[in-house]
>>> print(open('coords.cif').read())   # mmCIF, C-alpha atoms and all ligand atoms
data_run
loop_
_atom_site.label_atom_id
_atom_site.label_comp_id
_atom_site.auth_asym_id
_atom_site.auth_seq_id
_atom_site.Cartn_x
_atom_site.Cartn_y
_atom_site.Cartn_z
CA MET A 1 117.40 115.73 77.92
CA VAL A 2 118.33 112.12 78.67
CA ARG A 3 117.15 108.99 76.87
CA ILE A 4 116.17 106.64 79.72
CA GLY A 5 115.34 102.93 79.69
CA ILE A 6 112.98 101.54 82.36
CA LEU A 7 112.43 97.95 83.40
CA THR A 8 110.46 96.09 86.06
CA SER A 9 111.99 92.80 87.13
CA GLY A 10 111.33 89.95 89.57
CA GLY A 11 107.94 89.18 91.12
CA ASP A 12 105.43 91.94 90.35
CA CYS A 13 103.66 93.98 93.00
CA PRO A 14 101.00 96.69 93.13
CA GLY A 15 102.49 100.14 92.49
CA LEU A 16 104.88 99.35 89.62
CA ASN A 17 102.75 101.25 87.12
CA ALA A 18 102.59 104.28 89.41
CA VAL A 19 106.42 104.38 89.44
CA ILE A 20 106.59 104.11 85.64
CA ARG A 21 104.02 106.89 85.20
CA ALA A 22 105.77 109.21 87.65
CA CYS A 23 109.16 108.67 85.96
CA VAL A 24 107.78 109.36 82.51
CA LEU A 25 105.72 112.42 83.47
CA ARG A 26 108.47 114.06 85.47
CA GLY A 27 111.08 113.21 82.88
CA ILE A 28 109.06 114.56 79.95
CA ARG A 29 107.58 117.62 81.66
CA ILE A 30 110.58 118.84 83.62
CA HIS A 31 113.62 117.51 81.81
CA ARG A 32 112.34 116.83 78.27
CA ASP A 33 113.58 113.24 78.56
CA GLU A 34 112.72 110.36 76.27
CA PHE A 35 111.78 106.94 77.61
CA VAL A 36 112.07 103.40 76.34
CA GLY A 37 110.35 100.55 78.19
CA PHE A 38 112.11 97.18 78.28
CA THR A 39 109.61 94.35 78.31
CA ASP A 40 109.66 91.45 80.78
CA GLY A 41 112.47 92.62 83.03
CA TRP A 42 116.11 91.96 82.25
CA ARG A 43 115.06 89.64 79.43
CA GLY A 44 113.97 92.72 77.47
CA VAL A 45 117.39 94.31 77.93
CA VAL A 46 119.28 91.16 77.02
CA GLU A 47 117.14 90.55 73.92
CA GLY A 48 116.54 94.21 73.06
CA ASN A 49 112.72 94.01 73.34
CA THR A 50 111.19 97.42 73.94
CA ILE A 51 107.99 99.40 73.91
CA ASN A 52 107.56 103.11 73.48
CA LEU A 53 106.91 104.98 76.72
CA ASP A 54 105.46 108.38 75.98
CA TRP A 55 103.01 110.60 77.84
CA MET A 56 99.97 108.86 76.30
CA SER A 57 101.15 105.37 77.20
CA VAL A 58 101.23 106.14 80.93
CA ARG A 59 97.86 107.89 81.11
CA GLY A 60 95.58 106.51 83.84
CA ILE A 61 97.84 103.66 84.94
CA ALA A 62 98.74 104.69 88.51
CA ASN A 63 95.84 102.71 89.95
CA LEU A 64 96.45 99.58 87.85
CA GLY A 65 98.00 96.46 89.36
CA GLY A 66 100.77 94.52 87.62
CA THR A 67 103.18 96.27 85.26
CA ILE A 68 102.52 97.53 81.75
CA LEU A 69 106.10 96.52 80.92
CA GLY A 70 105.72 92.90 82.01
CA THR A 71 108.29 91.22 84.22
CA SER A 72 110.32 88.04 84.55
CA ARG A 73 112.84 86.48 86.86
CA THR A 74 115.50 86.44 84.13
CA ASN A 75 119.00 86.77 85.53
CA PRO A 76 120.80 89.37 83.34
CA LEU A 77 124.15 87.84 84.25
CA GLY A 78 123.04 84.36 83.21
CA GLU A 79 123.49 82.62 79.89
CA GLY A 80 123.28 85.01 76.92
CA GLY A 81 123.41 88.08 79.19
CA GLY A 82 126.24 89.92 80.91
CA GLY A 83 127.51 93.49 81.00
CA GLU A 84 128.80 93.65 77.42
CA ARG A 85 125.58 92.35 75.94
CA ILE A 86 123.57 94.89 77.94
CA GLN A 87 125.94 97.72 77.01
CA ALA A 88 125.47 96.76 73.36
CA THR A 89 121.65 96.90 73.66
CA LEU A 90 121.79 100.29 75.35
CA ARG A 91 124.21 101.65 72.73
CA SER A 92 122.11 100.43 69.81
CA LEU A 93 119.01 102.11 71.27
CA GLY A 94 120.84 105.30 72.24
CA ILE A 95 119.92 104.81 75.92
CA GLU A 96 122.02 106.82 78.35
CA ALA A 97 120.57 105.62 81.67
CA LEU A 98 118.57 102.71 83.09
CA ILE A 99 115.96 102.89 85.84
CA VAL A 100 115.67 99.42 87.33
CA ILE A 101 112.61 98.68 89.48
CA GLY A 102 113.06 95.46 91.40
CA GLY A 103 113.68 93.53 94.60
CA GLU A 104 116.69 91.90 96.18
CA GLY A 105 117.75 89.71 93.22
CA THR A 106 117.16 92.44 90.63
CA LEU A 107 119.06 95.08 92.57
CA ALA A 108 121.96 92.70 93.26
CA ALA A 109 122.32 92.19 89.49
CA ALA A 110 121.92 95.96 88.98
CA LYS A 111 124.79 96.59 91.38
CA ILE A 112 127.13 94.27 89.48
CA LEU A 113 126.15 95.87 86.16
CA SER A 114 126.51 99.35 87.63
CA ASP A 115 129.99 98.47 88.91
CA SER A 116 130.87 97.49 85.34
CA GLY A 117 130.06 101.03 84.20
CA ILE A 118 126.40 100.87 83.19
CA PRO A 119 124.55 104.02 84.37
CA ILE A 120 121.82 102.61 86.64
CA VAL A 121 119.44 104.04 89.24
CA GLY A 122 117.41 101.56 91.30
CA VAL A 123 113.87 101.69 92.69
CA PRO A 124 113.07 99.17 95.46
CA LYS A 125 110.07 96.89 94.99
CA THR A 126 108.91 94.00 97.15
CA VAL A 127 105.67 92.95 98.81
CA ASP A 128 107.82 91.20 101.42
CA ASN A 129 109.22 94.60 102.56
CA ASP A 130 112.57 92.93 103.22
CA LEU A 131 115.02 95.42 101.66
CA SER A 132 117.10 96.85 104.48
CA ALA A 133 118.01 100.18 102.88
CA THR A 134 114.43 101.42 102.70
CA ASP A 135 111.96 101.73 105.56
CA PHE A 136 109.07 100.67 103.36
CA SER A 137 108.63 99.45 99.82
CA PHE A 138 105.44 99.89 97.82
CA GLY A 139 103.32 96.77 97.40
CA PHE A 140 103.71 95.85 101.05
CA ASN A 141 100.85 97.99 102.30
CA THR A 142 98.54 96.63 99.61
CA ALA A 143 99.51 93.04 100.40
CA VAL A 144 98.81 93.62 104.09
CA GLU A 145 95.40 95.14 103.29
CA ILE A 146 94.50 92.20 101.04
CA ALA A 147 95.68 89.65 103.61
CA THR A 148 93.82 91.42 106.42
CA GLU A 149 90.56 91.46 104.51
CA ALA A 150 90.93 87.79 103.55
CA ILE A 151 91.78 86.73 107.12
CA ASP A 152 88.78 88.65 108.52
CA ARG A 153 86.68 86.52 106.16
CA LEU A 154 88.38 83.30 107.25
CA LYS A 155 87.59 84.18 110.85
CA THR A 156 83.83 84.40 110.32
CA THR A 157 83.59 81.03 108.61
CA GLY A 158 85.89 79.57 111.25
CA GLN A 159 83.59 80.91 113.97
CA SER A 160 80.52 79.31 112.40
CA HIS A 161 82.18 75.90 112.33
CA HIS A 162 84.20 76.15 115.56
CA ARG A 163 87.36 75.45 113.61
CA CYS A 164 90.97 76.53 113.84
CA MET A 165 91.82 78.60 110.78
CA ILE A 166 95.30 78.93 109.28
CA ALA A 167 96.10 81.71 106.82
CA GLU A 168 99.35 81.37 104.89
CA VAL A 169 100.78 84.62 103.56
CA MET A 170 103.87 85.51 101.52
CA GLY A 171 107.22 86.19 103.17
CA ARG A 172 110.23 84.24 102.01
CA HIS A 173 112.93 85.51 104.37
CA ALA A 174 110.98 88.09 106.36
CA GLY A 175 107.63 87.83 108.09
CA TRP A 176 106.46 91.43 107.75
CA ILE A 177 103.18 90.61 105.98
CA ALA A 178 102.39 87.92 108.56
CA LEU A 179 103.29 90.25 111.43
CA TYR A 180 101.16 93.15 110.20
CA ALA A 181 98.17 91.14 108.95
CA GLY A 182 98.37 88.87 112.00
CA MET A 183 98.33 91.78 114.46
CA ALA A 184 95.58 93.51 112.49
CA THR A 185 93.37 90.40 112.72
CA SER A 186 94.23 89.53 116.36
CA ALA A 187 95.87 86.23 115.42
CA HIS A 188 96.51 83.77 118.24
CA ALA A 189 99.82 82.76 116.63
CA ILE A 190 102.01 84.47 114.05
CA LEU A 191 104.67 82.22 112.56
CA ILE A 192 107.50 83.89 110.66
CA PRO A 193 110.80 82.82 109.05
CA GLU A 194 112.84 84.72 111.64
CA GLN A 195 111.41 82.84 114.63
CA LYS A 196 111.34 79.13 115.34
CA ALA A 197 108.32 77.73 117.19
CA SER A 198 107.71 74.11 118.11
CA LEU A 199 104.58 72.19 117.15
CA GLU A 200 103.85 71.87 120.86
CA GLU A 201 103.92 75.66 121.31
CA ILE A 202 101.75 76.21 118.25
CA CYS A 203 99.17 73.72 119.56
CA GLU A 204 99.12 75.48 122.95
CA TRP A 205 98.45 78.81 121.18
CA VAL A 206 95.56 77.11 119.38
CA GLU A 207 94.05 75.31 122.37
CA GLY A 208 93.93 78.38 124.64
CA PRO A 209 91.47 80.43 122.59
CA PHE A 210 89.44 77.33 121.67
CA ARG A 211 88.86 76.65 125.37
CA ARG A 212 87.62 80.24 125.72
CA GLY A 213 85.11 79.63 122.93
CA ARG A 214 87.14 81.53 120.32
CA THR A 215 88.15 80.50 116.82
CA PRO A 216 91.91 79.95 116.91
CA LEU A 217 93.64 81.86 114.14
CA VAL A 218 97.18 81.09 112.98
CA VAL A 219 98.89 83.37 110.46
CA VAL A 220 101.96 81.75 108.94
CA ALA A 221 104.49 83.14 106.48
CA GLU A 222 105.49 80.82 103.63
CA GLY A 223 109.12 80.83 104.83
CA PHE A 224 108.35 79.69 108.41
CA VAL A 225 110.46 76.78 109.69
CA SER A 226 109.17 75.02 112.82
CA ALA A 227 111.57 73.78 115.48
CA GLU A 228 111.14 70.29 114.06
CA MET A 229 112.01 71.32 110.48
CA THR A 230 115.39 72.14 108.94
CA GLU A 231 114.29 74.21 105.93
CA PRO A 232 111.19 76.01 104.61
CA HIS A 233 108.43 73.89 103.14
CA SER A 234 108.85 73.59 99.38
CA GLU A 235 107.45 71.02 97.00
CA ARG A 236 107.47 72.87 93.68
CA GLY A 237 111.12 72.85 92.67
CA LEU A 238 113.42 75.84 92.13
CA ASP A 239 112.96 79.24 90.49
CA ALA A 240 115.31 80.89 87.94
CA PHE A 241 117.65 81.99 90.74
CA ASN A 242 117.76 78.43 92.11
CA ARG A 243 115.68 79.41 95.12
CA PRO A 244 113.11 76.85 96.31
CA ARG A 245 109.54 77.79 95.36
CA LEU A 246 107.77 78.16 98.68
CA GLY A 247 104.14 77.67 99.65
CA GLY A 248 102.19 74.98 101.47
CA ILE A 249 103.41 75.26 105.07
CA GLY A 250 99.83 76.02 106.21
CA GLU A 251 98.52 72.85 104.59
CA ARG A 252 101.36 70.95 106.23
CA LEU A 253 100.58 72.29 109.70
CA ALA A 254 96.78 71.86 109.53
CA PRO A 255 96.55 68.04 109.91
CA ILE A 256 99.23 68.08 112.61
CA ILE A 257 97.33 70.68 114.65
CA GLU A 258 94.06 68.80 114.12
CA GLU A 259 95.55 65.50 115.19
CA ARG A 260 97.32 66.87 118.27
CA THR A 261 94.51 69.13 119.55
CA GLY A 262 91.40 67.39 118.23
CA ILE A 263 90.26 70.78 116.81
CA GLU A 264 89.07 70.65 113.22
CA THR A 265 91.55 72.80 111.24
CA ARG A 266 91.50 74.36 107.79
CA SER A 267 94.28 76.17 105.95
CA THR A 268 94.07 78.75 103.17
CA THR A 269 97.09 79.88 101.16
CA LEU A 270 96.58 83.45 99.94
CA GLY A 271 99.44 83.21 97.44
CA HIS A 272 99.55 85.58 94.48
CA ILE A 273 96.24 87.21 95.41
CA GLN A 274 98.44 89.34 97.67
CA ARG A 275 100.38 90.65 94.69
CA GLY A 276 97.50 91.24 92.30
CA GLY A 277 95.05 94.06 91.75
CA ALA A 278 95.04 97.78 92.44
CA PRO A 279 97.61 99.33 94.79
CA SER A 280 96.35 100.93 98.00
CA ALA A 281 96.26 104.74 98.12
CA SER A 282 99.34 104.77 100.30
CA ASP A 283 101.29 102.54 97.87
CA ARG A 284 100.27 104.75 94.93
CA VAL A 285 101.67 107.77 96.73
CA LEU A 286 104.88 106.02 97.76
CA ALA A 287 105.43 104.57 94.27
CA THR A 288 104.81 107.97 92.67
CA ARG A 289 107.26 109.73 94.99
CA LEU A 290 109.94 107.10 94.31
CA GLY A 291 109.39 107.42 90.54
CA LEU A 292 109.80 111.21 90.66
CA ALA A 293 112.95 110.86 92.75
CA ALA A 294 114.44 108.22 90.43
CA VAL A 295 114.32 110.56 87.44
CA ASP A 296 115.94 113.34 89.43
CA ALA A 297 118.66 110.87 90.48
CA VAL A 298 119.32 110.14 86.79
CA HIS A 299 119.77 113.87 86.13
CA ASP A 300 122.21 114.09 89.04
CA GLN A 301 124.04 111.09 87.55
CA SER A 302 123.65 109.23 90.83
CA TRP A 303 124.71 105.96 89.25
CA GLY A 304 124.74 102.90 91.46
CA GLN A 305 122.24 104.55 93.81
CA MET A 306 118.73 103.54 94.78
CA VAL A 307 115.90 105.80 95.90
CA ALA A 308 114.50 104.79 99.30
CA THR A 309 112.34 105.96 102.20
CA HIS A 310 113.79 107.08 105.50
CA GLY A 311 110.83 108.05 107.61
CA ASP A 312 108.78 110.48 105.54
CA LYS A 313 111.73 111.45 103.32
CA ILE A 314 112.84 110.05 100.00
CA VAL A 315 116.62 109.60 100.04
CA ARG A 316 119.31 107.99 97.92
CA VAL A 317 121.33 105.03 99.14
CA SER A 318 124.02 103.02 97.37
CA LEU A 319 122.99 99.77 95.70
CA GLU A 320 125.79 98.22 97.70
CA GLU A 321 124.03 99.15 100.94
CA SER A 322 120.68 98.00 99.52
CA VAL A 323 121.67 94.49 98.65
CA GLY A 324 124.04 93.71 101.50
CA ARG A 325 121.52 92.64 104.09
CA LEU A 326 117.84 91.80 104.40
CA LYS A 327 115.45 93.71 106.65
CA THR A 328 113.98 91.00 108.84
CA VAL A 329 111.48 91.39 111.68
CA PRO A 330 113.49 92.39 114.78
CA GLN A 331 113.02 90.48 118.02
CA SER A 332 111.36 93.48 119.71
CA ARG A 333 108.65 93.67 117.04
CA TYR A 334 107.97 89.93 117.32
CA ASP A 335 107.87 90.15 121.12
CA GLU A 336 105.16 92.83 120.88
CA ALA A 337 103.04 90.38 118.93
CA THR A 338 103.70 87.38 121.17
CA TYR A 339 102.18 89.14 124.21
CA LEU A 340 98.84 88.60 122.48
CA PHE A 341 99.34 84.97 121.37
CA GLY A 342 97.25 82.06 122.68
O1 LIG B 401 109.80 87.78 96.55
C1 LIG B 401 108.47 88.08 96.65
C2 LIG B 401 107.62 86.85 96.62
O2 LIG B 401 106.31 87.29 96.65
C3 LIG B 401 107.91 85.83 97.72
O3 LIG B 401 107.24 86.10 98.91
C4 LIG B 401 107.48 84.54 97.07
O4 LIG B 401 108.19 83.46 97.59
C5 LIG B 401 107.82 84.75 95.64
O5 LIG B 401 107.79 86.14 95.41
C6 LIG B 401 106.88 84.04 94.69
O6 LIG B 401 107.30 84.28 93.40
P1 LIG B 401 106.70 83.74 92.05
O7 LIG B 401 105.84 84.83 91.50
O8 LIG B 401 107.86 83.48 91.18
O9 LIG B 401 105.88 82.52 92.37
#
>>> encode(input="coords.cif", output="structure tokens", more="lines below")
Ligand code: F6P
Amino acid sequence: MVRIGILTSGGDCPGLNAVIRACVLRGIRIHRDEFVGFTDGWRGVVEGNTINLDWMSVRGIANLGGTILGTSRTNPLGEGGGGERIQATLRSLGIEALIVIGGEGTLAAAKILSDSGIPIVGVPKTVDNDLSATDFSFGFNTAVEIATEAIDRLKTTGQSHHRCMIAEVMGRHAGWIALYAGMATSAHAILIPEQKASLEEICEWVEGPFRRGRTPLVVVAEGFVSAEMTEPHSERGLDAFNRPRLGGIGERLAPIIEERTGIETRSTTLGHIQRGGAPSASDRVLATRLGLAAVDAVHDQSWGQMVATHGDKIVRVSLEESVGRLKTVPQSRYDEATYLFG
């Protein structure tokens, strides 16, 4: 029997509740564990805000979007936080292990806290799918499905009006959502953070299909930087980790494309729609498997480790390995897509 704290931190994504449910059910049924939920990410740990997590509280939540625990982008190492403060919270609540469900920023903080002696097991979470130590993270598949459905809709209205349509999707450092949703919707250009493209090239990719009587479709990731730009488009200040809030590159490109090509152009930013709502079946399964594995990792005292997917298998990798490097779209995968551009 272990008393385990769970938190979800950083941007939410579909599948978080399925992880929580799987942890709690496996822990209670197999190991007779007790669970405490920290509310709103690391803020809950720093301030000692908790909710009870028993069998009843996780009933029927695997298909629910969001997180029943709430989340935030609070940095646990920032003002008022730190290892000692967190140790004190855990001691006062009798918590012997922490399961931390989060993305790059969350896991980086988890690694530092784990190095300071706090017993932590990580679970990777990101719609951007940009954590290098796991082949896939839950939330990504759902985001791609949502983006694909939305872009299919943009195409039909574009066709009626003979317009060029731009769909902006999430993807801060990595263009996986753009690559998948763009390929799935036969985009004429896919613009991702990893690859520069000039405005001239983009306009050529738009003009080709228009001449053939098609509706040009451009799928752009929020983090895309054109050859003429020096940094990603951002006009909404910084987030809690001092990262620029992205969004709006599609709107920026639309008038340029329209002016250069003479083709009427509209842009739609899908934004947080990609992170909301029910997880896809495949994300529910992945999230559940990761949750089960995380509890087992706690019982093996695999501190400083994260559960991850390697092919069809769930494995453990060190947090160190997880946070060292981002998983960006490799050149070969982008090349596959470019054969179909224009
Ligand atoms: O990190 C995942 C992500 O979805 C990014 O693609 C995006 O830039 C960011 O989160 C948006 O976060 P917020 O919810 O704070 O606006």
>>> residues_near_ligand(input="coords.cif", ligand="ligand LIG 401 (chain B)", cutoff="9 Å", atoms="only C-alpha atoms and all ligand atoms", output="compact mmCIF listing (two decimals) with C-alpha atoms, in the coordinates of the input")
# COMPACT_ATOMS: atom_id res chain seq x y z
CA GLY A 10 111.33 89.95 89.57
CA GLY A 11 107.94 89.18 91.12
CA ASP A 12 105.43 91.94 90.35
CA CYS A 13 103.66 93.98 93.00
CA SER A 72 110.32 88.04 84.55
CA ARG A 73 112.84 86.48 86.86
CA GLY A 103 113.68 93.53 94.60
CA GLU A 104 116.69 91.90 96.18
CA GLY A 105 117.75 89.71 93.22
CA THR A 126 108.91 94.00 97.15
CA VAL A 127 105.67 92.95 98.81
CA ASP A 128 107.82 91.20 101.42
CA ASN A 129 109.22 94.60 102.56
CA ASP A 130 112.57 92.93 103.22
CA VAL A 169 100.78 84.62 103.56
CA MET A 170 103.87 85.51 101.52
CA GLY A 171 107.22 86.19 103.17
CA ARG A 172 110.23 84.24 102.01
CA HIS A 173 112.93 85.51 104.37
CA ALA A 174 110.98 88.09 106.36
CA ALA A 221 104.49 83.14 106.48
CA GLU A 222 105.49 80.82 103.63
CA GLY A 223 109.12 80.83 104.83
CA ASP A 239 112.96 79.24 90.49
CA ALA A 240 115.31 80.89 87.94
CA ARG A 243 115.68 79.41 95.12
CA PRO A 244 113.11 76.85 96.31
CA ARG A 245 109.54 77.79 95.36
CA LEU A 246 107.77 78.16 98.68
CA GLY A 247 104.14 77.67 99.65
CA GLY A 271 99.44 83.21 97.44
CA HIS A 272 99.55 85.58 94.48
CA GLN A 274 98.44 89.34 97.67
CA ARG A 275 100.38 90.65 94.69
>>> closest_residue(input="coords.cif", among="A:His162, A:Arg85, A:Arg21, A:Arg153", to="Arg284 (chain A)", atoms="all atoms listed in the file")
A:Arg21
>>> axis_aligned_box(input="coords.cif", around="region 92-100 of chain A", padding_each_side="8 Å", output="JSON")
{"center_x": 118.9, "center_y": 103.1, "center_z": 78.6, "size_x": 22.4, "size_y": 23.4, "size_z": 33.5}
>>> residues_around(input="coords.cif", residues="Ser322 (chain A)", least_positions_apart="2", cutoff="9 Å", atoms="only C-alpha atoms", output="JSON, numbers by chain")
{"A": [104, 107, 108, 124, 131, 132, 133, 134, 305, 306, 317, 318, 319, 320, 324, 325, 326]}
>>> atom_distance(input="coords.cif", atom1="CA of Phe138 (chain A)", atom2="CA of Gly15 (chain A)")
6.1 Å
>>> residues_around(input="coords.cif", residues="region 209-218 of chain A", least_positions_apart="5", cutoff="7 Å", atoms="only C-alpha atoms", output="list in words")
Gly158, Gln159, His162, Arg163, Cys164, Met165, Ile166, Ala167, Ala187, His188, Ala189, Ile190 and Gly342 of chain A
>>> closest_residue(input="coords.cif", among="A:Ser282, A:Ser57, A:Thr265, A:Thr39", to="Thr8 (chain A)", atoms="all atoms listed in the file")
A:Thr39
>>> residues_near_point(input="coords.cif", point="(114.1, 89.7, 85.2)", cutoff="8 Å", atoms="all atoms listed in the file", output="ChimeraX atom specification")
/A:8-10,40-43,71-76,106
>>> closest_residue(input="coords.cif", among="A:Gly60, A:Gly65, A:Gly83, A:Gly122", to="Gly291 (chain A)", atoms="all atoms listed in the file")
A:Gly122
>>> closest_residue(input="coords.cif", among="A:Ala22, A:Ile202, A:Val329, A:Ala97", to="Ala178 (chain A)", atoms="all atoms listed in the file")
A:Val329
>>> atom_distance(input="coords.cif", atom1="CA of Gly182 (chain A)", atom2="CA of Glu207 (chain A)")
17.6 Å
>>> residues_near_point(input="coords.cif", point="(94.7, 102.5, 103.2)", cutoff="12 Å", atoms="only C-alpha atoms", output="list in words")
Gly139, Phe140, Asn141, Thr142, Ala143, Val144, Glu145, Ile146, Thr148, Glu149, Ala278, Pro279, Ser280, Ala281, Ser282, Asp283, Arg284 and Val285 of chain A
>>> atom_distance(input="coords.cif", atom1="CA of Glu235 (chain A)", atom2="CA of Gly248 (chain A)")
8.0 Å
>>> closest_residue(input="coords.cif", among="A:Trp205, A:Phe241, A:Trp303, A:Phe136", to="Thr261 (chain A)", atoms="all atoms listed in the file")
A:Trp205
>>> closest_residue(input="coords.cif", among="A:His161, A:Val225, A:Met56, A:Arg26", to="Leu191 (chain A)", atoms="only C-alpha atoms")
A:Val225
>>> residues_around(input="coords.cif", residues="Asn52 (chain A)", least_positions_apart="5", cutoff="10 Å", atoms="all atoms listed in the file", output="MDAnalysis selection string")
chainID A and resid 5 34:38 57
>>> decode(input="coords.cif", residues="region 182-207 of chain A", atoms="N, CA and C atoms", output="short mmCIF file (atom, residue, chain, number, x, y, z; two decimals), in the first residue's frame")
data_model
loop_
_atom_site.label_atom_id
_atom_site.label_comp_id
_atom_site.auth_asym_id
_atom_site.auth_seq_id
_atom_site.Cartn_x
_atom_site.Cartn_y
_atom_site.Cartn_z
N GLY A 182 -2.59 17.89 -42.25
CA GLY A 182 -2.37 18.38 -43.61
C GLY A 182 -2.33 17.25 -44.62
N MET A 183 -1.64 16.16 -44.28
CA MET A 183 -1.61 15.02 -45.21
C MET A 183 -2.99 14.40 -45.34
N ALA A 184 -3.69 14.31 -44.19
CA ALA A 184 -5.01 13.67 -44.20
C ALA A 184 -6.01 14.47 -45.04
N THR A 185 -5.80 15.76 -45.18
CA THR A 185 -6.76 16.59 -45.92
C THR A 185 -6.20 17.03 -47.28
N SER A 186 -5.11 16.39 -47.71
CA SER A 186 -4.48 16.68 -49.02
C SER A 186 -4.13 18.16 -49.17
N ALA A 187 -3.51 18.73 -48.15
CA ALA A 187 -3.15 20.16 -48.21
C ALA A 187 -2.15 20.41 -49.33
N HIS A 188 -2.24 21.61 -49.91
CA HIS A 188 -1.30 21.97 -50.98
C HIS A 188 -0.02 22.59 -50.42
N ALA A 189 -0.05 22.95 -49.13
CA ALA A 189 1.16 23.40 -48.44
C ALA A 189 0.99 23.11 -46.96
N ILE A 190 2.05 22.57 -46.35
CA ILE A 190 2.05 22.34 -44.90
C ILE A 190 3.25 23.11 -44.36
N LEU A 191 2.97 24.04 -43.47
CA LEU A 191 4.04 24.93 -42.98
C LEU A 191 4.27 24.65 -41.51
N ILE A 192 5.49 24.25 -41.17
CA ILE A 192 5.77 23.79 -39.80
C ILE A 192 6.99 24.52 -39.23
N PRO A 193 7.12 24.52 -37.90
CA PRO A 193 8.23 25.27 -37.28
C PRO A 193 9.61 24.78 -37.73
N GLU A 194 9.71 23.50 -38.07
CA GLU A 194 11.01 22.92 -38.38
C GLU A 194 11.52 23.33 -39.77
N GLN A 195 10.63 23.83 -40.62
CA GLN A 195 11.00 24.07 -42.02
C GLN A 195 10.67 25.50 -42.42
N LYS A 196 11.66 26.20 -42.91
CA LYS A 196 11.44 27.54 -43.45
C LYS A 196 10.81 27.41 -44.84
N ALA A 197 9.96 28.33 -45.21
CA ALA A 197 9.48 28.42 -46.59
C ALA A 197 9.31 29.90 -46.88
N SER A 198 9.62 30.31 -48.10
CA SER A 198 9.50 31.74 -48.41
C SER A 198 8.07 32.05 -48.83
N LEU A 199 7.71 33.32 -48.77
CA LEU A 199 6.37 33.74 -49.20
C LEU A 199 6.18 33.41 -50.69
N GLU A 200 7.27 33.53 -51.43
CA GLU A 200 7.18 33.23 -52.87
C GLU A 200 6.81 31.76 -53.09
N GLU A 201 7.50 30.88 -52.34
CA GLU A 201 7.19 29.44 -52.46
C GLU A 201 5.75 29.15 -52.06
N ILE A 202 5.33 29.74 -50.96
CA ILE A 202 3.97 29.49 -50.48
C ILE A 202 2.96 29.93 -51.55
N CYS A 203 3.20 31.08 -52.16
CA CYS A 203 2.27 31.58 -53.19
C CYS A 203 2.26 30.65 -54.41
N GLU A 204 3.42 30.08 -54.74
CA GLU A 204 3.45 29.13 -55.87
C GLU A 204 2.61 27.89 -55.54
N TRP A 205 2.73 27.41 -54.27
CA TRP A 205 1.94 26.23 -53.87
C TRP A 205 0.44 26.53 -53.90
N VAL A 206 0.09 27.81 -53.75
CA VAL A 206 -1.32 28.21 -53.76
C VAL A 206 -1.81 28.37 -55.21
N GLU A 207 -0.98 28.97 -56.04
CA GLU A 207 -1.41 29.28 -57.41
C GLU A 207 -1.61 28.02 -58.28
#
